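J.: Please find model27.cif (mmCIF, C-alpha atoms and all ligand atoms) on the next line:
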```cif
data_coords
#
loop_
_atom_site.label_atom_id
_atom_site.label_comp_id
_atom_site.auth_asym_id
_atom_site.auth_seq_id
_atom_site.Cartn_x
_atom_site.Cartn_y
_atom_site.Cartn_z
CA MET A 1402 7.15 -22.16 12.18
CA LYS A 1403 7.40 -25.54 10.47
CA LEU A 1404 5.22 -26.47 7.48
CA SER A 1405 5.39 -30.11 6.26
CA GLU A 1406 6.25 -30.70 2.56
CA GLU A 1407 2.64 -31.79 1.98
CA LYS A 1408 1.20 -28.77 3.85
CA LYS A 1409 3.51 -26.42 1.96
CA LYS A 1410 1.83 -27.32 -1.35
CA SER A 1411 -1.64 -26.36 -0.14
CA VAL A 1412 -1.13 -23.70 2.54
CA LYS A 1413 -3.41 -20.68 2.26
CA LEU A 1414 -4.00 -17.73 4.59
CA GLU A 1415 -7.51 -17.08 5.86
CA GLY A 1416 -9.09 -15.27 8.80
CA ARG A 1417 -8.53 -12.08 10.73
CA ILE A 1418 -5.93 -10.82 13.21
CA ASN A 1419 -5.63 -7.75 15.40
CA ILE A 1420 -2.38 -6.00 14.55
CA PRO A 1421 -0.37 -5.14 17.72
CA GLY A 1422 0.33 -1.53 18.68
CA ASP A 1423 2.48 0.79 16.61
CA LYS A 1424 6.11 0.84 17.78
CA SER A 1425 6.77 4.52 16.94
CA ILE A 1426 3.57 5.65 18.67
CA SER A 1427 4.13 3.38 21.71
CA HIS A 1428 7.61 4.87 22.29
CA ARG A 1429 6.26 8.40 22.07
CA SER A 1430 3.31 7.68 24.39
CA VAL A 1431 5.71 6.61 27.16
CA MET A 1432 8.11 9.50 26.56
CA PHE A 1433 5.45 12.20 26.45
CA GLY A 1434 3.51 10.69 29.36
CA SER A 1435 6.76 10.83 31.38
CA MET A 1436 7.32 14.49 30.43
CA ALA A 1437 3.71 15.50 31.22
CA THR A 1438 2.01 16.35 34.49
CA GLY A 1439 -0.77 13.99 35.57
CA THR A 1440 -1.75 10.39 34.83
CA THR A 1441 -1.41 9.19 31.25
CA LYS A 1442 -3.21 5.97 30.34
CA ILE A 1443 -2.13 4.04 27.25
CA THR A 1444 -4.01 1.14 25.66
CA ASN A 1445 -2.85 -1.24 22.90
CA PHE A 1446 0.75 -0.37 23.84
CA LEU A 1447 3.29 -2.55 22.00
CA ALA A 1448 4.99 -4.69 24.66
CA GLY A 1449 7.90 -5.45 22.31
CA GLU A 1450 11.52 -5.27 23.47
CA ASP A 1451 12.20 -1.82 21.95
CA CYS A 1452 9.28 -0.12 23.72
CA LEU A 1453 10.09 -1.94 26.97
CA SER A 1454 13.58 -0.38 26.72
CA THR A 1455 11.93 3.05 26.59
CA ILE A 1456 9.90 2.25 29.72
CA SER A 1457 12.98 1.07 31.61
CA CYS A 1458 14.94 4.23 30.66
CA PHE A 1459 12.20 6.50 32.04
CA ARG A 1460 11.95 4.42 35.21
CA GLU A 1461 15.69 5.09 35.67
CA LEU A 1462 14.89 8.81 35.41
CA GLY A 1463 12.48 8.39 38.33
CA VAL A 1464 9.11 8.09 36.58
CA SER A 1465 6.51 5.72 38.02
CA ILE A 1466 5.26 3.53 35.14
CA LYS A 1467 2.90 0.57 35.55
CA GLN A 1468 2.81 -1.80 32.57
CA GLU A 1469 0.68 -4.92 32.28
CA GLY A 1470 0.74 -6.32 28.75
CA SER A 1471 -0.66 -3.67 26.43
CA SER A 1472 -1.94 -1.38 29.25
CA VAL A 1473 0.36 1.30 30.64
CA GLU A 1474 -0.22 3.95 33.29
CA ILE A 1475 2.28 6.73 33.89
CA GLN A 1476 2.35 9.15 36.85
CA GLY A 1477 4.00 12.18 35.28
CA ASN A 1478 5.36 15.06 37.34
CA GLY A 1479 6.65 17.17 34.47
CA LEU A 1480 10.09 17.48 32.86
CA SER A 1481 11.61 19.39 35.78
CA LYS A 1482 11.02 16.41 38.12
CA LEU A 1483 13.04 13.92 36.06
CA ASN A 1484 16.13 12.84 38.04
CA GLU A 1485 19.77 12.22 37.22
CA PRO A 1486 19.95 8.41 36.91
CA THR A 1487 22.43 6.41 38.98
CA ARG A 1488 22.94 3.85 36.22
CA VAL A 1489 23.82 3.88 32.53
CA LEU A 1490 20.61 3.89 30.45
CA ASP A 1491 20.34 0.81 28.21
CA VAL A 1492 18.36 1.36 25.00
CA GLY A 1493 18.80 -2.25 23.83
CA ASN A 1494 18.30 -2.48 20.06
CA SER A 1495 16.20 0.69 19.74
CA GLY A 1496 17.32 3.60 17.57
CA THR A 1497 14.10 5.47 18.31
CA THR A 1498 14.69 5.24 22.07
CA ILE A 1499 18.22 6.62 22.01
CA ARG A 1500 17.69 9.38 19.46
CA LEU A 1501 14.45 10.75 20.95
CA MET A 1502 15.80 10.44 24.51
CA LEU A 1503 18.82 12.53 23.50
CA GLY A 1504 16.42 15.30 22.43
CA ILE A 1505 14.63 15.18 25.79
CA LEU A 1506 17.85 14.94 27.83
CA ALA A 1507 19.38 17.87 25.89
CA GLY A 1508 17.24 20.25 27.95
CA LEU A 1509 17.82 18.68 31.38
CA PRO A 1510 20.61 19.95 33.64
CA PHE A 1511 22.20 16.64 34.63
CA HIS A 1512 24.47 13.90 33.34
CA VAL A 1513 23.26 10.72 31.60
CA SER A 1514 25.22 7.90 29.91
CA LEU A 1515 23.50 5.82 27.24
CA GLN A 1516 24.42 2.51 25.68
CA GLY A 1517 22.77 -0.21 23.61
CA ASP A 1518 23.48 -3.53 21.92
CA ASP A 1519 26.08 -4.30 19.20
CA SER A 1520 23.75 -3.02 16.46
CA ILE A 1521 23.11 0.30 18.24
CA ALA A 1522 26.89 0.73 18.64
CA LYS A 1523 27.21 0.83 14.83
CA ARG A 1524 24.35 3.26 14.09
CA PRO A 1525 25.15 6.92 13.36
CA MET A 1526 24.29 9.31 16.20
CA LYS A 1527 25.98 12.48 14.85
CA ARG A 1528 22.76 13.26 12.95
CA VAL A 1529 21.22 14.07 16.36
CA THR A 1530 24.24 14.82 18.58
CA GLY A 1531 25.45 17.41 16.01
CA PRO A 1532 22.36 19.67 16.01
CA LEU A 1533 21.70 19.12 19.75
CA SER A 1534 25.27 20.25 20.52
CA GLN A 1535 24.70 23.33 18.37
CA MET A 1536 21.65 24.10 20.51
CA GLY A 1537 23.84 23.97 23.62
CA ALA A 1538 23.84 20.38 24.96
CA LYS A 1539 27.20 18.93 26.02
CA ILE A 1540 27.51 15.51 24.39
CA ASP A 1541 30.43 13.15 24.03
CA GLY A 1542 30.85 9.61 22.78
CA ARG A 1543 32.96 7.39 20.57
CA GLN A 1544 34.45 9.25 17.59
CA ASN A 1545 33.47 12.62 18.96
CA GLY A 1546 29.81 11.81 19.59
CA THR A 1547 29.25 9.81 16.41
CA TYR A 1548 28.69 6.43 18.09
CA CYS A 1549 27.44 4.90 21.34
CA PRO A 1550 28.17 4.78 24.26
CA LEU A 1551 27.25 8.45 24.60
CA SER A 1552 27.09 10.83 27.52
CA ILE A 1553 25.04 13.99 27.69
CA ARG A 1554 24.70 16.94 30.05
CA GLY A 1555 21.86 19.20 28.96
CA GLY A 1556 20.42 22.58 29.86
CA ASN A 1557 20.24 26.21 28.57
CA LEU A 1558 19.28 25.49 24.98
CA GLU A 1559 19.00 28.08 22.23
CA ALA A 1560 16.36 27.54 19.53
CA MET A 1561 17.56 26.68 16.02
CA ASP A 1562 16.32 26.60 12.44
CA TYR A 1563 17.58 23.24 11.20
CA GLN A 1564 17.67 22.06 7.58
CA SER A 1565 17.94 18.29 7.96
CA PRO A 1566 19.97 16.52 5.25
CA VAL A 1567 17.87 13.34 5.76
CA ALA A 1568 14.14 12.63 5.98
CA SER A 1569 14.25 11.11 9.47
CA ALA A 1570 11.53 11.26 12.09
CA GLN A 1571 14.10 10.41 14.75
CA VAL A 1572 16.22 13.45 13.85
CA LYS A 1573 13.17 15.70 13.51
CA SER A 1574 11.68 14.50 16.81
CA ALA A 1575 14.94 14.82 18.78
CA ILE A 1576 15.34 18.45 17.70
CA LEU A 1577 11.68 19.31 18.34
CA LEU A 1578 11.84 17.76 21.83
CA ALA A 1579 14.95 19.83 22.56
CA GLY A 1580 13.19 22.85 21.00
CA LEU A 1581 10.35 22.43 23.48
CA GLN A 1582 12.90 23.27 26.19
CA ALA A 1583 14.80 26.02 24.29
CA ASN A 1584 14.63 29.79 24.25
CA GLY A 1585 12.55 30.82 21.20
CA THR A 1586 11.07 28.90 18.26
CA THR A 1587 12.85 25.86 16.80
CA SER A 1588 12.14 24.65 13.25
CA VAL A 1589 13.13 21.51 11.37
CA THR A 1590 12.85 21.29 7.57
CA GLU A 1591 13.23 17.92 5.85
CA PRO A 1592 13.96 17.00 2.21
CA SER A 1593 10.76 14.87 2.23
CA LYS A 1594 8.21 14.39 4.94
CA SER A 1595 8.98 11.67 7.50
CA ARG A 1596 6.41 10.13 9.88
CA ASP A 1597 4.63 12.84 11.89
CA HIS A 1598 3.62 10.95 15.07
CA THR A 1599 5.60 13.34 17.30
CA GLU A 1600 3.76 16.37 15.92
CA ARG A 1601 0.35 14.68 16.30
CA MET A 1602 0.92 13.31 19.78
CA LEU A 1603 2.40 16.55 21.14
CA GLN A 1604 -0.91 18.15 20.16
CA ALA A 1605 -2.77 15.43 22.09
CA PHE A 1606 -0.65 16.46 25.12
CA GLY A 1607 -1.69 20.12 24.64
CA VAL A 1608 1.41 21.43 22.85
CA TYR A 1609 1.06 23.88 19.94
CA VAL A 1610 3.02 22.73 16.86
CA ILE A 1611 3.11 24.54 13.50
CA GLU A 1612 3.38 22.48 10.30
CA GLU A 1613 4.02 24.08 6.90
CA GLY A 1614 4.84 21.49 4.20
CA ASN A 1615 8.07 19.74 5.23
CA LYS A 1616 8.80 22.31 7.95
CA VAL A 1617 7.72 21.87 11.59
CA SER A 1618 8.13 24.53 14.31
CA ILE A 1619 7.70 24.50 18.05
CA THR A 1620 8.07 27.28 20.64
CA GLY A 1621 9.99 26.50 23.83
CA GLY A 1622 8.52 26.67 27.33
CA GLN A 1623 5.25 24.84 26.64
CA THR A 1624 4.27 22.10 29.07
CA LEU A 1625 2.60 18.73 28.43
CA LYS A 1626 -0.67 17.76 30.11
CA ALA A 1627 -1.42 14.06 30.68
CA THR A 1628 -3.95 12.42 28.37
CA THR A 1629 -5.19 9.00 27.26
CA ILE A 1630 -3.67 7.37 24.18
CA GLU A 1631 -5.13 4.46 22.25
CA VAL A 1632 -2.26 3.18 20.10
CA PRO A 1633 -3.27 2.07 16.58
CA GLY A 1634 -1.98 -1.22 15.14
CA ASP A 1635 1.43 -0.94 13.48
CA ILE A 1636 1.26 -0.75 9.67
CA SER A 1637 4.92 -1.84 9.61
CA SER A 1638 3.84 -5.10 11.30
CA ALA A 1639 0.72 -5.40 9.12
CA ALA A 1640 3.01 -5.09 6.06
CA PHE A 1641 4.30 -8.66 6.55
CA PHE A 1642 0.75 -10.00 6.31
CA LEU A 1643 -0.20 -7.71 3.42
CA VAL A 1644 2.62 -9.28 1.41
CA ALA A 1645 1.94 -12.78 2.79
CA GLY A 1646 -1.72 -12.52 1.71
CA ALA A 1647 -0.79 -11.22 -1.74
CA ILE A 1648 1.81 -13.92 -2.57
CA THR A 1649 0.25 -17.02 -0.97
CA PRO A 1650 -2.27 -18.78 -3.28
CA ASN A 1651 -6.01 -18.82 -2.41
CA SER A 1652 -5.68 -16.37 0.49
CA ARG A 1653 -7.85 -13.62 1.93
CA ILE A 1654 -7.11 -12.03 5.29
CA VAL A 1655 -8.44 -9.16 7.38
CA LEU A 1656 -5.98 -7.05 9.39
CA LYS A 1657 -7.89 -5.19 12.09
CA ASN A 1658 -7.09 -1.83 13.63
CA VAL A 1659 -4.15 -0.68 11.48
CA GLY A 1660 -2.77 2.89 11.62
CA ILE A 1661 -3.05 4.50 8.18
CA ASN A 1662 -1.34 7.82 8.85
CA GLN A 1663 -0.42 9.26 5.38
CA THR A 1664 3.26 9.41 6.35
CA ARG A 1665 3.27 5.61 6.83
CA THR A 1666 1.09 4.26 3.99
CA GLY A 1667 3.83 3.92 1.37
CA ILE A 1668 3.46 0.13 1.65
CA ILE A 1669 -0.20 0.30 0.55
CA ASP A 1670 0.57 2.67 -2.34
CA ILE A 1671 3.48 0.49 -3.53
CA LEU A 1672 1.58 -2.80 -3.30
CA VAL A 1673 -1.49 -1.34 -5.05
CA LYS A 1674 0.79 -0.04 -7.84
CA MET A 1675 2.17 -3.59 -8.13
CA GLY A 1676 -1.38 -4.90 -8.57
CA ALA A 1677 -2.25 -6.03 -5.02
CA LEU A 1678 -5.94 -6.37 -4.16
CA ILE A 1679 -6.19 -4.34 -0.96
CA SER A 1680 -9.30 -2.74 0.44
CA ILE A 1681 -9.58 -0.30 3.33
CA GLN A 1682 -12.64 -0.44 5.62
CA ASN A 1683 -13.97 1.15 8.84
CA GLU A 1684 -11.78 4.26 8.63
CA ARG A 1685 -11.81 6.25 11.86
CA VAL A 1686 -9.62 8.62 13.93
CA GLN A 1687 -8.31 7.82 17.43
CA SER A 1688 -5.79 9.83 19.47
CA PHE A 1689 -5.07 12.13 16.48
CA GLU A 1690 -4.21 9.14 14.22
CA ARG A 1691 -6.22 7.61 11.34
CA VAL A 1692 -7.01 3.88 11.72
CA ALA A 1693 -8.74 1.25 9.51
CA ASP A 1694 -9.13 -2.46 8.77
CA LEU A 1695 -7.20 -3.74 5.75
CA ILE A 1696 -8.26 -6.67 3.58
CA ILE A 1697 -5.80 -8.40 1.26
CA GLU A 1698 -6.34 -11.17 -1.26
CA THR A 1699 -3.99 -13.27 -3.39
CA SER A 1700 -2.85 -11.00 -6.21
CA ASP A 1701 -0.94 -11.09 -9.51
CA LEU A 1702 1.91 -8.71 -8.82
CA LYS A 1703 3.99 -6.87 -11.39
CA GLY A 1704 7.37 -5.16 -11.01
CA THR A 1705 7.62 -1.41 -10.46
CA ILE A 1706 9.99 1.46 -9.69
CA ILE A 1707 10.04 2.61 -6.06
CA SER A 1708 11.84 5.91 -5.42
CA GLY A 1709 11.59 9.49 -4.12
CA ASP A 1710 9.06 10.69 -1.55
CA VAL A 1711 7.50 7.25 -1.03
CA ILE A 1712 10.77 5.87 0.43
CA PRO A 1713 10.51 7.55 3.89
CA ARG A 1714 6.80 6.56 3.89
CA ALA A 1715 7.81 2.88 3.53
CA ILE A 1716 11.36 2.74 4.85
CA ASP A 1717 10.88 -0.14 7.30
CA GLU A 1718 8.82 -2.09 4.75
CA ILE A 1719 11.54 -2.35 2.05
CA PRO A 1720 12.68 -5.86 3.18
CA ILE A 1721 9.17 -7.32 2.81
CA ILE A 1722 8.59 -5.36 -0.44
CA ALA A 1723 11.75 -7.03 -1.79
CA LEU A 1724 10.19 -10.44 -1.09
CA ALA A 1725 6.97 -9.34 -2.85
CA ALA A 1726 9.09 -8.25 -5.83
CA THR A 1727 10.57 -11.76 -6.19
CA GLN A 1728 6.98 -12.91 -6.84
CA ALA A 1729 6.12 -10.08 -9.27
CA THR A 1730 6.39 -10.39 -13.04
CA GLY A 1731 9.17 -8.18 -14.40
CA THR A 1732 11.76 -6.00 -12.73
CA THR A 1733 11.41 -3.96 -9.54
CA ILE A 1734 13.91 -1.17 -8.95
CA ILE A 1735 14.23 0.36 -5.47
CA LYS A 1736 16.15 3.68 -5.43
CA ASP A 1737 16.85 6.57 -3.01
CA ALA A 1738 16.86 4.14 -0.09
CA GLN A 1739 20.45 4.57 1.19
CA GLU A 1740 19.01 5.01 4.73
CA LEU A 1741 18.55 1.22 4.70
CA LYS A 1742 22.31 0.95 5.31
CA VAL A 1743 22.02 2.45 8.82
CA LYS A 1744 19.13 0.43 10.26
CA GLU A 1745 19.44 -2.52 12.70
CA THR A 1746 21.56 -4.12 9.95
CA ASN A 1747 22.65 -2.84 6.56
CA ARG A 1748 19.29 -3.84 5.09
CA ILE A 1749 20.49 -3.60 1.47
CA ASP A 1750 23.12 -6.28 2.19
CA THR A 1751 21.04 -8.47 4.50
CA VAL A 1752 17.97 -8.51 2.21
CA VAL A 1753 20.05 -9.30 -0.89
CA ASN A 1754 22.25 -11.94 0.75
CA GLU A 1755 19.46 -13.78 2.56
CA LEU A 1756 17.00 -13.76 -0.36
CA ARG A 1757 19.75 -15.02 -2.70
CA LYS A 1758 20.15 -18.05 -0.41
CA LEU A 1759 16.50 -18.90 -1.28
CA GLY A 1760 17.07 -18.50 -5.03
CA ALA A 1761 15.98 -14.87 -5.60
CA ASN A 1762 17.37 -12.95 -8.57
CA ILE A 1763 18.32 -9.77 -6.71
CA GLU A 1764 21.26 -7.38 -6.85
CA PRO A 1765 22.34 -4.57 -4.54
CA THR A 1766 22.85 -1.00 -5.73
CA ASP A 1767 24.32 2.01 -3.93
CA ASP A 1768 20.91 3.27 -2.84
CA GLY A 1769 18.66 0.23 -3.03
CA MET A 1770 18.29 -2.98 -5.02
CA ILE A 1771 17.04 -4.48 -8.28
CA ILE A 1772 14.86 -7.60 -8.22
CA HIS A 1773 13.94 -9.68 -11.27
CA GLY A 1774 10.77 -11.76 -10.96
CA LYS A 1775 9.02 -13.96 -10.89
CA THR A 1776 11.25 -16.65 -9.29
CA SER A 1777 10.30 -19.88 -7.55
CA LEU A 1778 12.03 -19.76 -4.19
CA HIS A 1779 13.51 -22.81 -2.49
CA GLY A 1780 14.19 -23.60 1.18
CA GLY A 1781 17.51 -23.22 2.96
CA GLU A 1782 19.24 -21.95 6.05
CA VAL A 1783 18.93 -18.18 6.54
CA ASP A 1784 19.75 -15.70 9.29
CA SER A 1785 17.91 -12.66 10.68
CA HIS A 1786 21.34 -11.19 11.62
CA GLY A 1787 19.55 -9.97 14.77
CA ASP A 1788 17.26 -7.73 12.68
CA HIS A 1789 13.54 -8.21 13.43
CA ARG A 1790 12.34 -7.06 10.01
CA ILE A 1791 14.75 -9.40 8.17
CA GLY A 1792 13.59 -12.27 10.42
CA MET A 1793 9.87 -11.67 9.69
CA MET A 1794 10.48 -11.27 5.94
CA LEU A 1795 12.27 -14.66 5.85
CA ALA A 1796 9.52 -16.31 7.93
CA ILE A 1797 6.96 -15.09 5.35
CA ALA A 1798 9.17 -16.43 2.52
CA ASN A 1799 8.74 -19.89 4.11
CA LEU A 1800 5.05 -19.80 3.03
CA ILE A 1801 5.99 -19.98 -0.66
CA THR A 1802 9.26 -21.95 -0.79
CA ASP A 1803 9.21 -25.54 -2.04
CA SER A 1804 11.03 -26.79 1.09
CA GLU A 1805 11.66 -25.57 4.63
CA VAL A 1806 13.29 -22.21 5.40
CA SER A 1807 15.27 -22.62 8.60
CA LEU A 1808 15.69 -19.26 10.34
CA LYS A 1809 18.61 -18.52 12.67
CA ARG A 1810 18.27 -15.85 15.40
CA LYS A 1811 14.47 -15.70 15.07
CA GLU A 1812 14.20 -14.25 18.60
CA ALA A 1813 15.10 -10.85 17.07
CA ILE A 1814 11.42 -10.63 16.04
CA ASN A 1815 10.49 -9.88 19.69
CA VAL A 1816 11.84 -6.35 19.16
CA SER A 1817 8.67 -5.26 17.34
CA TYR A 1818 6.26 -8.21 17.11
CA PRO A 1819 6.43 -10.74 19.99
CA THR A 1820 3.23 -12.53 18.86
CA PHE A 1821 4.24 -12.75 15.18
CA PHE A 1822 4.43 -16.57 14.96
CA GLU A 1823 1.10 -17.06 16.83
CA ASP A 1824 -0.61 -14.63 14.44
CA LEU A 1825 0.95 -16.28 11.40
CA GLN A 1826 -0.02 -19.75 12.64
CA SER A 1827 -3.63 -18.64 13.25
CA LEU A 1828 -3.98 -17.57 9.60
CA CYS A 1829 -2.41 -20.70 8.03
CA LYS A 1830 -5.18 -23.05 6.83
O1 LIG B 1901 10.71 7.91 14.56
C1 LIG B 1901 10.48 6.68 14.52
O2 LIG B 1901 9.70 6.13 15.34
C2 LIG B 1901 11.13 5.87 13.47
C3 LIG B 1901 11.69 6.49 12.39
C4 LIG B 1901 12.38 5.79 11.29
O3 LIG B 1901 13.78 5.94 11.45
P1 LIG B 1901 14.57 7.24 10.88
O4 LIG B 1901 14.15 8.41 11.66
O5 LIG B 1901 16.02 6.90 11.11
O6 LIG B 1901 14.23 7.32 9.43
C5 LIG B 1901 12.05 4.30 11.29
O7 LIG B 1901 12.95 3.61 10.44
C6 LIG B 1901 12.09 3.71 12.66
O8 LIG B 1901 11.69 2.36 12.62
C7 LIG B 1901 11.14 4.41 13.60
C1 LIG B 1902 14.65 0.99 12.13
C2 LIG B 1902 13.84 0.51 13.05
O1 LIG B 1902 13.77 0.90 14.39
P1 LIG B 1902 14.77 1.78 15.27
O2 LIG B 1902 15.43 2.80 14.39
O3 LIG B 1902 13.94 2.37 16.35
O4 LIG B 1902 15.80 0.82 15.85
C3 LIG B 1902 12.80 -0.49 12.66
O5 LIG B 1902 11.94 -0.77 13.51
O6 LIG B 1902 12.80 -1.04 11.54
#
```
As structure tokens, what does this structure read like?
T.:
Amino acid sequence: MKLSEEKKKSVKLEGRINIPGDKSISHRSVMFGSMATGTTKITNFLAGEDCLSTISCFRELGVSIKQEGSSVEIQGNGLSKLNEPTRVLDVGNSGTTIRLMLGILAGLPFHVSLQGDDSIAKRPMKRVTGPLSQMGAKIDGRQNGTYCPLSIRGGNLEAMDYQSPVASAQVKSAILLAGLQANGTTSVTEPSKSRDHTERMLQAFGVYVIEEGNKVSITGGQTLKATTIEVPGDISSAAFFLVAGAITPNSRIVLKNVGINQTRTGIIDILVKMGALISIQNERVQSFERVADLIIETSDLKGTIISGDVIPRAIDEIPIIALAATQATGTTIIKDAQELKVKETNRIDTVVNELRKLGANIEPTDDGMIIHGKTSLHGGEVDSHGDHRIGMMLAIANLITDSEVSLKRKEAINVSYPTFFEDLQSLCK
């Protein structure tokens, strides 16, 4: 989005937008609807590239799925009616698709090959292929099942009690979905609690899940019954506008219909700690998830330390938090975030390198970054590196730079927020 030099000096954000559907919840709604018996209807589905990859994978397994924009209808016939696909499944850019699918496929007695784009080929899969192999699935792939392409032949799973070395909802979900098809009760314990959308949505589909602190257990042999799912807006998408509203002068914006599940609200806690003026209105519950409207106003931010249990609750928001920190007085230290290295890009490197091009005072560390504020950012040529969250962070930076930020590979944003530029434009006054 171009802003003229004159416009740049006076731009402010005003108005309200509806935040598009949550990516994590949209993926799960298609997966669980495809595993269930009966017709599942989904509204406010995120029609971004990642979730469309999930739909196309389940169509290859023989499921009838009708999708028109944000409405989806699935005719489920149960897990046992999924078919061996004739083609290689393509997960595109989506880590959630491949890791959760592996958990589902681990229990099915046929062969499937999976591949994705260049970014997926670099992301670690052993964290799921390891435990799923221990449960009894036969999995192979590059470097002994560490990287894509992967092939899996499932069936005859034994339950397991898994202590996960990482707080990862993808790992937890893959094992629970395999556990649903195993003999006995499977448990996953995490070092800190990751997002719990799988646990909540399985309950919406009639599955009994036990949660005790950071441990989740599921007993095999339960079946899913179709339901209706209204997907809340994605707080990870809202995060870009929370920061935009806070750092752009004279702004006040309303973000409607945002999911505020406790396991995802790290961004609100961090921004409030930095001094952001955020209010939460119209709290309600839909499809087992808490939802609200968020209001953000221009704020005087101050630096802070971000570490520990809040990291998994804000993991996808670290790039935009780094931008906020460049506009905060003092130093912000982000620690315990080594998981950033295995996302769509190495997000420690891409955030630091791209923000430095705009004049930020930021340095990488082994498990995060240190940002010294407040700095006036300037324009320049930057690159999303094919990572949607890096692309959106840099597009928000353009609101406060003295000259134009020119963004290469901006199409990456379609992975999670195809209407991002329209929404941004509608708020710019
Ligand atoms: O389960 C999910 O839907 C997701 C879990 C997180 O990944 P990890 O499980 O690797 O932490 C997150 O970064 C990703 O965007 C979506
Ligand atoms: C890490 C992300 O997604 P995934 O792991 O599904 O590719 C993300 O959306 O920031």
J.: Could you list, as number ranges by chain, every residue within 7 Å of stretch 1634-1636 of chain A, counting all atoms listed in the file and ignoring same-chain residues fewer than 2 positions away?
T.: A: 1420-1424, 1632, 1638-1640, 1658-1661
J.: Can you build me a table of stretch 1615-1734 of chain A residues sitting at most 9 Å from stretch 1573-1579 of chain A, with the closest atom pair per residue and its distance in Å to one decimal, using all atoms listed in the file, sorted by chain and residue number, as JSON lines?
T.:
```
{"residue": "A:Val1617", "atom": "CA", "partner": "A:Leu1577", "partner_atom": "CA", "distance": 8.2}
{"residue": "A:Ser1618", "atom": "CA", "partner": "A:Leu1577", "partner_atom": "CA", "distance": 7.5}
{"residue": "A:Ile1619", "atom": "CA", "partner": "A:Leu1577", "partner_atom": "CA", "distance": 6.5}
{"residue": "A:Gly1621", "atom": "CA", "partner": "A:Ala1579", "partner_atom": "CA", "distance": 8.4}
```
J.: Taking all atoms listed in the file into account, name the residue in A:Leu1483, A:Leu1800, A:Ile1772, A:Ile1466 that is nearest to A:Pro1650.
T.: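 Result for the nearest residue to A:Pro1650: A:Leu1800.
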J.: Restrict the calculation to only C-alpha atoms and all ligand atoms, then for each residue of chain A with any atom at most 6 Å from an atom of ligand LIG 1901 (chain B) give the closest atom pair and their distance in Å to one decimal, rows by chain and rising residue number, as a tab-separated table.
T.:
```
residue	atom	partner	partner_atom	distance
A:Ser1425	CA	B:LIG1901	O2	3.7
A:Thr1497	CA	B:LIG1901	O2	5.3
A:Ser1569	CA	B:LIG1901	O4	3.5
A:Ala1570	CA	B:LIG1901	O4	3.9
A:Gln1571	CA	B:LIG1901	O4	3.7
A:Val1572	CA	B:LIG1901	O4	5.9
A:Ile1716	CA	B:LIG1901	O7	5.9
A:Asp1717	CA	B:LIG1901	O7	5.3
```
J.: Using only C-alpha atoms and all ligand atoms, tabulate the residues of chain A lying at most 7 Å from any atom of ligand LIG 1902 (chain B), each with its closest atom pair and that distance in Å to one decimal, by chain and increasing residue number, as a Markdown table.
T.:
```
| residue | atom | partner | partner_atom | distance |
| --- | --- | --- | --- | --- |
| A:Asn1494 | CA | B:LIG1902 | O4 | 5.9 |
| A:Ser1495 | CA | B:LIG1902 | O4 | 3.9 |
| A:Gly1496 | CA | B:LIG1902 | O4 | 3.6 |
| A:Thr1497 | CA | B:LIG1902 | O3 | 3.7 |
| A:Thr1498 | CA | B:LIG1902 | O3 | 6.4 |
| A:Asp1717 | CA | B:LIG1902 | O6 | 4.7 |
| A:Lys1744 | CA | B:LIG1902 | C1 | 4.9 |
| A:Glu1745 | CA | B:LIG1902 | O4 | 5.9 |
| A:Arg1790 | CA | B:LIG1902 | O6 | 6.2 |
| A:Ser1817 | CA | B:LIG1902 | O5 | 6.7 |
```
